[in-house]
Amino acid sequence: MIVRKDAIIVGGGIHGCSTALHLCLAGLKPVLIEKDYAGRHASGVNAGGVRQLARDVAEIPLSIRSTGIWESIADLVDDDCGFESHGQVLVAENETELTACRARVADLNARGFIHEELIDGTELRRLVPAVAESCPGGVVSRRDGAAQPARTTTAFRRKAEQLGAIVHEGVPATNIRKDGKLWRVEVGTESYAAPVLVNAAGAWAGRIAAALGEPVPVETIAPMLMITSPVAHFIDPVVILRGRKLSFKQFKNGTVLIGGGHLATPYQDRNATVLDWRKLSESARTVAELFAVMRNATIVRAWAGIEARMRDDIPVFGPSAVHEGLYHQFGFSAHGFQLGPGAGAVMAELIVHGGTQTRIGDLSIARFRNSSPSTTA
């Protein structure tokens, strides 16, 4: 028997779950299909950064849209998701980096964006008192913060199901195809049909896009994270560096989460990753150099999650350039967590109303129409 739904969403990360929830809020009844469980990879094991700071200009309107939702997240999903807003600070380690920060903020201001603010050494040390005296300043985005990723993804999934979404976990979507005006998908012994298909399958979304005639240059990555033993409280904002790959934040219990972009080796078909301890030690040394309080901390645990990175480091988001009723929502390139709530709202607007007031044109899959796919797994 074929079950008819309003939309089929493949992928149960924060993006798929957010889209399912927002479609339910718009009166539609979607089915969400996740081959593992919601938040198994990128959405559940990332650093939880909720940042507008240091984003590609093409992403900023979607990020701003999402910030407004984060600030009242409990009203949407009945859970505050551990969201705290102490700002995020990009630290310039030298005058050359501070000059680049100055140019970045000036460019954003000229485009009408005011969320990033240049700060001098005095303000940097007010916000991050323990930072090395050699750092001359940086940039702050004061409304930014962090949340708990697995808790957040689960909250979106739970609320979507409460509002009428059917959720399948532990069984992959197979035989995805267009049948007349409807999309068809098999889930175990069940078959679903809908006029809308949302490809939100994370690291596996590139395969789906290619199978449907829209190959894109995407690779599979596995960003690494590690957490330390507790140390005395020394920081409230999330701190990031650009010259050296680093981001970190301190939890209330004193532990410090360290990330920033170093990659493990992903084995996509096995759902597994192998950590690069040499790169992890680089991150640990960088933290110790900038913050003396961290020099006696020990690493308690490290991990990585599998996700997709686009060649230009910005996501594929919006309608298919080939098929009616197909929408893509993937390739968030290790910085998609903050975008999840807003992306789901915008995707629902695209599906229900055929358009959105949030500017997303530069994220279209059409930008890759004449490029080679070079997909890696």
# chains A, B, ... in the order shown; residues from 1 in each chain; ligands from 1

$ closest_atom_pairs --of "stretch 270-325 of chain A" --to "stretch 229-244 of chain A" --cutoff "12 Å" --atoms "only C-alpha atoms" --output "CSV"
residue,atom,partner,partner_atom,distance
A:Lys279,CA,A:Arg244,CA,11.5
A:Glu282,CA,A:Arg244,CA,9.3
A:Ser283,CA,A:Arg244,CA,8.5
A:Ala284,CA,A:Arg244,CA,11.6
A:Arg285,CA,A:Arg244,CA,10.9
A:Thr286,CA,A:Arg244,CA,7.8
A:Val287,CA,A:Leu241,CA,10.2
A:Glu289,CA,A:Arg244,CA,11.7
A:Leu290,CA,A:Leu241,CA,10.5
A:Phe291,CA,A:Phe234,CA,9.0
A:Ala292,CA,A:Phe234,CA,10.3
A:Val293,CA,A:Val231,CA,7.4
A:Met294,CA,A:Val231,CA,7.2
A:Arg295,CA,A:Val231,CA,9.8
A:Asn296,CA,A:Val231,CA,8.4
A:Ala297,CA,A:Ser229,CA,5.8
A:Thr298,CA,A:Ser229,CA,5.5
A:Ile299,CA,A:Ser229,CA,6.3
A:Val300,CA,A:Ser229,CA,6.0
A:Arg301,CA,A:Ser229,CA,9.2

$ residues_around --residues "A:Ala165" --least-positions-apart "3" --cutoff "6 Å" --atoms "only C-alpha atoms" --output "PDB file with all heavy atoms, in the first residue's frame"
ATOM      1  N   LYS A  29       1.320  17.615   6.327  1.00  0.00           N
ATOM      2  CA  LYS A  29       1.645  16.382   7.041  1.00  0.00           C
ATOM      3  C   LYS A  29       2.789  15.682   6.310  1.00  0.00           C
ATOM      4  O   LYS A  29       2.589  14.952   5.343  1.00  0.00           O
ATOM      5  CB  LYS A  29       0.423  15.462   7.121  1.00  0.00           C
ATOM      6  CG  LYS A  29      -0.751  16.071   7.876  1.00  0.00           C
ATOM      7  CD  LYS A  29      -0.386  16.427   9.322  1.00  0.00           C
ATOM      8  CE  LYS A  29      -1.575  17.016  10.080  1.00  0.00           C
ATOM      9  NZ  LYS A  29      -1.188  17.477  11.435  1.00  0.00           N
ATOM     10  N   PRO A  30       4.032  15.887   6.777  1.00  0.00           N
ATOM     11  CA  PRO A  30       5.175  15.264   6.126  1.00  0.00           C
ATOM     12  C   PRO A  30       5.533  13.922   6.749  1.00  0.00           C
ATOM     13  O   PRO A  30       5.095  13.592   7.865  1.00  0.00           O
ATOM     14  CB  PRO A  30       6.289  16.280   6.386  1.00  0.00           C
ATOM     15  CG  PRO A  30       5.947  16.843   7.732  1.00  0.00           C
ATOM     16  CD  PRO A  30       4.433  16.864   7.803  1.00  0.00           C
ATOM     17  N   VAL A  31       6.377  13.171   6.036  1.00  0.00           N
ATOM     18  CA  VAL A  31       7.040  12.005   6.599  1.00  0.00           C
ATOM     19  C   VAL A  31       8.533  12.293   6.590  1.00  0.00           C
ATOM     20  O   VAL A  31       9.078  12.793   5.609  1.00  0.00           O
ATOM     21  CB  VAL A  31       6.705  10.713   5.822  1.00  0.00           C
ATOM     22  CG1 VAL A  31       7.062  10.834   4.343  1.00  0.00           C
ATOM     23  CG2 VAL A  31       7.414   9.520   6.444  1.00  0.00           C
ATOM     24  N   ALA A 160       7.939  17.990  15.960  1.00  0.00           N
ATOM     25  CA  ALA A 160       7.371  17.687  14.641  1.00  0.00           C
ATOM     26  C   ALA A 160       6.439  16.486  14.724  1.00  0.00           C
ATOM     27  O   ALA A 160       5.341  16.487  14.143  1.00  0.00           O
ATOM     28  CB  ALA A 160       8.493  17.433  13.640  1.00  0.00           C
ATOM     29  N   GLU A 161       6.868  15.473  15.455  1.00  0.00           N
ATOM     30  CA  GLU A 161       6.035  14.273  15.583  1.00  0.00           C
ATOM     31  C   GLU A 161       4.757  14.593  16.358  1.00  0.00           C
ATOM     32  O   GLU A 161       3.672  14.108  15.995  1.00  0.00           O
ATOM     33  CB  GLU A 161       6.830  13.174  16.279  1.00  0.00           C
ATOM     34  CG  GLU A 161       6.233  11.788  16.108  1.00  0.00           C
ATOM     35  CD  GLU A 161       7.191  10.696  16.515  1.00  0.00           C
ATOM     36  OE1 GLU A 161       8.094  10.947  17.352  1.00  0.00           O
ATOM     37  OE2 GLU A 161       7.063   9.576  15.984  1.00  0.00           O
TER      38      GLU A 161
END

$ closest_residue --among "A:Leu339, A:Leu98, A:Met1, A:Ile365" --to "A:Gln52" --atoms "only C-alpha atoms"
A:Leu339

$ residues_around --residues "stretch 208-213 of chain A" --least-positions-apart "3" --cutoff "12 Å" --atoms "only C-alpha atoms" --output "ChimeraX atom specification"
/A:10-11,173-178,183,185,197-205,216-218,316,319-324,326-331,365,368-369,372-375

$ residues_around --residues "A:Ala150" --least-positions-apart "6" --cutoff "9 Å" --atoms "only C-alpha atoms" --output "list in words"
Ile14, Ala38, Gly39, Arg40, Ser43, Gly44, Val45, Asn46, Gly48 and Cys81 of chain A
